[in-house]
Amino acid sequence: MIKIYYIIFILIFSVSSTVYSQEKQEQAEKKPFIVFKPDSIDDGRPLLTPFITPGYTPELGGIFAGGGFLSFKTDINNKELLRSTLPITFSYSTSGALTLISKPTLYFKNNRLIIETELWYKSMPDNYFGVGYEQTANKEVSEETNYHRDWWWISPKVFWELKNDFFIGGGLDFNYTKGSEASPEILAEENYIKYNDRPYNSGMGIYIRYDTRDLPADSYSGSLIDIRTTFFGSLMGGNNVYQVYELDMRKFIQVGKYGQTIALQGRIRYGRGEIPYGEMSQLGSPTDLRGYLWGQLRDKSMAYVITEYRHKIYWEDQVTRHSLVGWGAIGTIFSNDTETYYGVPNYGFGYRLEIQPRTSLRLDYGIGKNTSGFYFNFQQAF
């Protein structure tokens, strides 16, 4: 079944319908697979790519998804201004999960003002394994882990460039996690008992960023250092008091032709206070250790490092719309009083199809310890 999803996915997106200028269409007809010109990212006209496709993830099962990817410039005549993006995806899975995901990023004032937002909604049959590596890592999906989860997350952030690639920012974080139809084993779990009737969290964040990436959505060169501190409490009606501190470091090195890049990431998410089970750090998302069941490995804090090689494919010495990637990673989850740290290994490979200039759909197959899974998303994992 997974192989069928994979084949259909490739076929659908190989003929994806985005409107470009007549010149680019004629170029594509003369030389199949050739990519949009590298400087076409400066074109300020709106581009819209709609899609309908099947897919698969470890926690959702088979998926039927639809949506679109819109990119545009807030100042159409400014060639230096980055393209703003508005992706949105609706999906329904074979397990009965309903999801909505959107991650708008808007650029203003010659890239000095940036607005980023995360919008997520999930109502799905899920699994809860508990907290901590020793309790969760070797537990298998069963009737004992089953429950239904309703979750949403809204997090707008604003960044302003002070000087020479240094940004300062602030934002809000609203999230909600409510479990129901839980097994007797989950109903007896300490963290679930304590927080399931306190599902709403609200917080305010302060951010510092250093960013020299050539293009944040799909970086070929440059660096990123992101430092974030978010304080959750009762000021905006939140049910729980805790703090989250994050450090995200990335480096991108071009090692061959245009688009052939080594991408490095190291990230730490450290939590303090009474963190509810829905807001604990969780390895196994589509942007970190791909292949693990998202939510199985959870604790107050986590850390991981990823090395990924991205290889843009050439045809007759011209760059194409197609790329291959491979990565290796290791991570860990831990609490404030952890004495033993367990390494969580991960590796995998993937395919990228450029649906708009420097904007790709990605298909990844990740492999972990006794687990694996397919993913499809917009943009690179990081």
# chains A, B, ... in the order shown; residues from 1 in each chain; ligands from 1
>>> closest_atom_pairs(of="stretch 41-105 of chain A", to="stretch 217-220 of chain A", cutoff="10 Å", atoms="only C-alpha atoms", output="tab-separated table")
residue	atom	partner	partner_atom	distance
A:Leu82	CA	A:Ala217	CA	9.8
A:Arg83	CA	A:Ala217	CA	9.6
A:Ser84	CA	A:Ala217	CA	10.0
A:Thr85	CA	A:Ala217	CA	9.2
A:Thr105	CA	A:Ala217	CA	9.4
>>> residues_around(residues="A:Val158", least_positions_apart="2", cutoff="6 Å", atoms="only C-alpha atoms", output="JSON, numbers by chain")
{"A": [114, 115, 169, 170]}
>>> atom_distance(atom1="atom CA of A:Lys163", atom2="atom CA of A:Tyr107")
16.4 Å
>>> residues_around(residues="stretch 137-150 of chain A", least_positions_apart="5", cutoff="9 Å", atoms="only C-alpha atoms", output="ChimeraX atom specification")
/A:121-130,132,176-186,296-297
>>> closest_residue(among="A:Arg321, A:Arg362, A:Arg269, A:Arg352", to="A:Ile333", atoms="only C-alpha atoms")
A:Arg269
>>> atom_distance(atom1="atom CA of A:Ile268", atom2="atom CA of A:Lys251")
15.4 Å
>>> select_by_dssp(residues="stretch 57-204 of chain A", states="strand (DSSP E or B)", output="ChimeraX atom specification")
/A:57,61-72,84-93,98-102,105-108,113-127,146-163,166-180,200-204
>>> write_last_selection(atoms="C-alpha atoms", output="PDB file, in the first residue's frame")
ATOM      1  CA  THR A  57       2.613   9.074   7.912  1.00  0.00           C
ATOM      2  CA  GLY A  61      -1.804   5.987   8.299  1.00  0.00           C
ATOM      3  CA  GLY A  62      -3.013   6.540   4.740  1.00  0.00           C
ATOM      4  CA  ILE A  63      -3.955  10.150   3.958  1.00  0.00           C
ATOM      5  CA  PHE A  64      -6.000  11.935   1.315  1.00  0.00           C
ATOM      6  CA  ALA A  65      -4.915  15.578   1.270  1.00  0.00           C
ATOM      7  CA  GLY A  66      -5.790  18.739  -0.623  1.00  0.00           C
ATOM      8  CA  GLY A  67      -4.792  22.363  -0.500  1.00  0.00           C
ATOM      9  CA  GLY A  68      -2.450  24.778  -2.153  1.00  0.00           C
ATOM     10  CA  PHE A  69       0.760  26.778  -1.963  1.00  0.00           C
ATOM     11  CA  LEU A  70       0.585  30.522  -2.671  1.00  0.00           C
ATOM     12  CA  SER A  71       3.696  32.684  -2.942  1.00  0.00           C
ATOM     13  CA  PHE A  72       3.896  36.392  -3.692  1.00  0.00           C
ATOM     14  CA  SER A  84       5.993  35.587   1.112  1.00  0.00           C
ATOM     15  CA  THR A  85       4.425  32.142   1.312  1.00  0.00           C
ATOM     16  CA  LEU A  86       1.016  30.842   2.336  1.00  0.00           C
ATOM     17  CA  PRO A  87       0.744  27.025   2.309  1.00  0.00           C
ATOM     18  CA  ILE A  88      -2.414  25.296   3.509  1.00  0.00           C
ATOM     19  CA  THR A  89      -3.214  21.589   3.724  1.00  0.00           C
ATOM     20  CA  PHE A  90      -6.416  19.770   4.650  1.00  0.00           C
ATOM     21  CA  SER A  91      -6.320  16.004   5.077  1.00  0.00           C
ATOM     22  CA  TYR A  92      -8.367  13.023   6.155  1.00  0.00           C
ATOM     23  CA  SER A  93      -6.764   9.677   6.987  1.00  0.00           C
ATOM     24  CA  LEU A  98      -8.886  15.209  10.393  1.00  0.00           C
ATOM     25  CA  THR A  99      -6.054  17.755  10.092  1.00  0.00           C
ATOM     26  CA  LEU A 100      -5.475  21.351   8.986  1.00  0.00           C
ATOM     27  CA  ILE A 101      -1.979  22.857   8.699  1.00  0.00           C
ATOM     28  CA  SER A 102      -0.862  26.305   7.545  1.00  0.00           C
ATOM     29  CA  THR A 105       5.558  33.617   6.297  1.00  0.00           C
ATOM     30  CA  LEU A 106       5.345  37.267   5.233  1.00  0.00           C
ATOM     31  CA  TYR A 107       8.214  39.642   4.345  1.00  0.00           C
ATOM     32  CA  PHE A 108       7.974  43.447   4.459  1.00  0.00           C
ATOM     33  CA  LEU A 113      10.067  42.950   9.043  1.00  0.00           C
ATOM     34  CA  ILE A 114       9.067  39.259   9.091  1.00  0.00           C
ATOM     35  CA  ILE A 115       5.801  37.730  10.305  1.00  0.00           C
ATOM     36  CA  GLU A 116       5.713  33.958  10.830  1.00  0.00           C
ATOM     37  CA  THR A 117       2.697  31.971  11.973  1.00  0.00           C
ATOM     38  CA  GLU A 118       2.010  28.322  12.824  1.00  0.00           C
ATOM     39  CA  LEU A 119      -1.596  27.113  12.518  1.00  0.00           C
ATOM     40  CA  TRP A 120      -2.376  23.468  13.324  1.00  0.00           C
ATOM     41  CA  TYR A 121      -5.548  21.531  14.044  1.00  0.00           C
ATOM     42  CA  LYS A 122      -5.882  17.768  14.589  1.00  0.00           C
ATOM     43  CA  SER A 123      -8.772  15.599  15.709  1.00  0.00           C
ATOM     44  CA  MET A 124      -7.554  12.030  15.559  1.00  0.00           C
ATOM     45  CA  PRO A 125      -7.302   8.577  17.070  1.00  0.00           C
ATOM     46  CA  ASP A 126      -3.881   8.611  18.689  1.00  0.00           C
ATOM     47  CA  ASN A 127      -1.574   6.765  21.054  1.00  0.00           C
ATOM     48  CA  ASN A 146      -5.209   4.137  22.387  1.00  0.00           C
ATOM     49  CA  TYR A 147      -7.107   7.373  22.959  1.00  0.00           C
ATOM     50  CA  HIS A 148      -8.638  10.219  20.918  1.00  0.00           C
ATOM     51  CA  ARG A 149      -6.800  13.539  20.804  1.00  0.00           C
ATOM     52  CA  ASP A 150      -8.141  16.980  19.913  1.00  0.00           C
ATOM     53  CA  TRP A 151      -5.321  19.482  19.462  1.00  0.00           C
ATOM     54  CA  TRP A 152      -4.876  22.942  18.058  1.00  0.00           C
ATOM     55  CA  TRP A 153      -1.957  25.396  18.056  1.00  0.00           C
ATOM     56  CA  ILE A 154      -1.782  29.052  16.975  1.00  0.00           C
ATOM     57  CA  SER A 155       1.561  30.852  17.236  1.00  0.00           C
ATOM     58  CA  PRO A 156       2.129  34.230  15.492  1.00  0.00           C
ATOM     59  CA  LYS A 157       5.648  35.720  15.664  1.00  0.00           C
ATOM     60  CA  VAL A 158       7.071  39.070  14.534  1.00  0.00           C
ATOM     61  CA  PHE A 159      10.774  39.751  13.838  1.00  0.00           C
ATOM     62  CA  TRP A 160      12.474  43.097  13.188  1.00  0.00           C
ATOM     63  CA  GLU A 161      16.041  43.429  11.895  1.00  0.00           C
ATOM     64  CA  LEU A 162      18.052  45.710  14.169  1.00  0.00           C
ATOM     65  CA  LYS A 163      21.307  45.628  12.208  1.00  0.00           C
ATOM     66  CA  PHE A 166      20.438  40.468  13.772  1.00  0.00           C
ATOM     67  CA  PHE A 167      16.713  40.325  14.535  1.00  0.00           C
ATOM     68  CA  ILE A 168      14.688  40.754  17.704  1.00  0.00           C
ATOM     69  CA  GLY A 169      11.152  39.478  17.974  1.00  0.00           C
ATOM     70  CA  GLY A 170       8.167  38.582  20.047  1.00  0.00           C
ATOM     71  CA  GLY A 171       5.111  36.440  19.741  1.00  0.00           C
ATOM     72  CA  LEU A 172       2.163  34.652  21.257  1.00  0.00           C
ATOM     73  CA  ASP A 173       1.511  30.934  21.706  1.00  0.00           C
ATOM     74  CA  PHE A 174      -1.948  29.436  22.206  1.00  0.00           C
ATOM     75  CA  ASN A 175      -2.436  25.670  22.314  1.00  0.00           C
ATOM     76  CA  TYR A 176      -4.988  23.117  23.469  1.00  0.00           C
ATOM     77  CA  THR A 177      -4.740  19.350  23.993  1.00  0.00           C
ATOM     78  CA  LYS A 178      -7.709  17.282  25.175  1.00  0.00           C
ATOM     79  CA  GLY A 179      -7.821  13.499  25.344  1.00  0.00           C
ATOM     80  CA  SER A 180     -10.942  11.332  25.346  1.00  0.00           C
ATOM     81  CA  TYR A 200      -5.572  25.241  27.398  1.00  0.00           C
ATOM     82  CA  ASN A 201      -2.177  26.993  27.469  1.00  0.00           C
ATOM     83  CA  SER A 202      -1.265  30.563  26.571  1.00  0.00           C
ATOM     84  CA  GLY A 203       2.164  32.162  26.439  1.00  0.00           C
ATOM     85  CA  MET A 204       4.263  35.116  25.355  1.00  0.00           C
TER      86      MET A 204
END
>>> select_by_dssp(residues="stretch 72-228 of chain A", states="helix (DSSP H, G or I)", output="list in words")
Lys109, Asn110, Asn111, Tyr133, Glu134, Gln135, Thr136, Glu143, Glu144, Thr145, Pro184, Glu185, Ile186, Leu187, Glu190, Asn191, Tyr192, Ile193, Lys194 and Tyr195 of chain A
>>> residues_around(residues="A:Leu264", least_positions_apart="4", cutoff="6 Å", atoms="only C-alpha atoms", output="PyMOL selection string")
chain A and resi 250-251+306-307
>>> write_last_selection(atoms="C-alpha atoms", output="CSV table (one decimal), in the first residue's frame")
chain,number,residue,atom,x,y,z
A,250,ARG,CA,21.7,25.7,11.4
A,251,LYS,CA,24.5,25.8,8.8
A,306,ILE,CA,21.0,16.3,12.0
A,307,THR,CA,23.3,16.2,9.0
>>> closest_residue(among="A:Thr320, A:Ser372, A:Ser223, A:Thr332", to="A:Glu354", atoms="only C-alpha atoms")
A:Thr320
>>> closest_residue(among="A:Val325, A:Ile275, A:Val319, A:Val131", to="A:Tyr195", atoms="only C-alpha atoms")
A:Ile275
>>> closest_atom_pairs(of="stretch 284-321 of chain A", to="stretch 346-349 of chain A", cutoff="10 Å", atoms="only C-alpha atoms", output="tab-separated table")
residue	atom	partner	partner_atom	distance
A:Gly284	CA	A:Asn346	CA	9.5
A:Asp288	CA	A:Asn346	CA	9.3
A:Leu289	CA	A:Asn346	CA	5.9
A:Arg290	CA	A:Asn346	CA	7.2
A:Gly291	CA	A:Asn346	CA	7.5
A:Tyr292	CA	A:Asn346	CA	8.5
A:Ile306	CA	A:Asn346	CA	8.8
A:Thr307	CA	A:Tyr347	CA	9.3
A:Glu308	CA	A:Phe349	CA	9.1
A:Tyr309	CA	A:Phe349	CA	9.3
A:Arg310	CA	A:Phe349	CA	9.7
>>> residues_around(residues="A:Gly233", least_positions_apart="4", cutoff="7 Å", atoms="only C-alpha atoms", output="list in words")
Ser202, Gly203, Gly238, Asn239, Asn240, Val241 and Tyr242 of chain A
>>> residues_around(residues="A:Leu81", least_positions_apart="6", cutoff="9 Å", atoms="only C-alpha atoms", output="ChimeraX atom specification")
/A:42,44,73-75,107-111
>>> closest_residue(among="A:Ile253, A:Met280, A:Val305, A:Leu293", to="A:Asp214", atoms="only C-alpha atoms")
A:Ile253
>>> decode(residues="stretch 84-99 of chain A", atoms="C-alpha atoms", output="short mmCIF file (atom, residue, chain, number, x, y, z; two decimals), in the first residue's frame")
data_model
loop_
_atom_site.label_atom_id
_atom_site.label_comp_id
_atom_site.auth_asym_id
_atom_site.auth_seq_id
_atom_site.Cartn_x
_atom_site.Cartn_y
_atom_site.Cartn_z
CA SER A 84 5.99 35.59 1.11
CA THR A 85 4.43 32.14 1.31
CA LEU A 86 1.02 30.84 2.34
CA PRO A 87 0.74 27.03 2.31
CA ILE A 88 -2.41 25.30 3.51
CA THR A 89 -3.21 21.59 3.72
CA PHE A 90 -6.42 19.77 4.65
CA SER A 91 -6.32 16.00 5.08
CA TYR A 92 -8.37 13.02 6.16
CA SER A 93 -6.76 9.68 6.99
CA THR A 94 -7.72 6.02 6.96
CA SER A 95 -7.60 6.10 10.76
CA GLY A 96 -10.28 8.81 10.86
CA ALA A 97 -7.93 11.72 11.56
CA LEU A 98 -8.89 15.21 10.39
CA THR A 99 -6.05 17.76 10.09
#
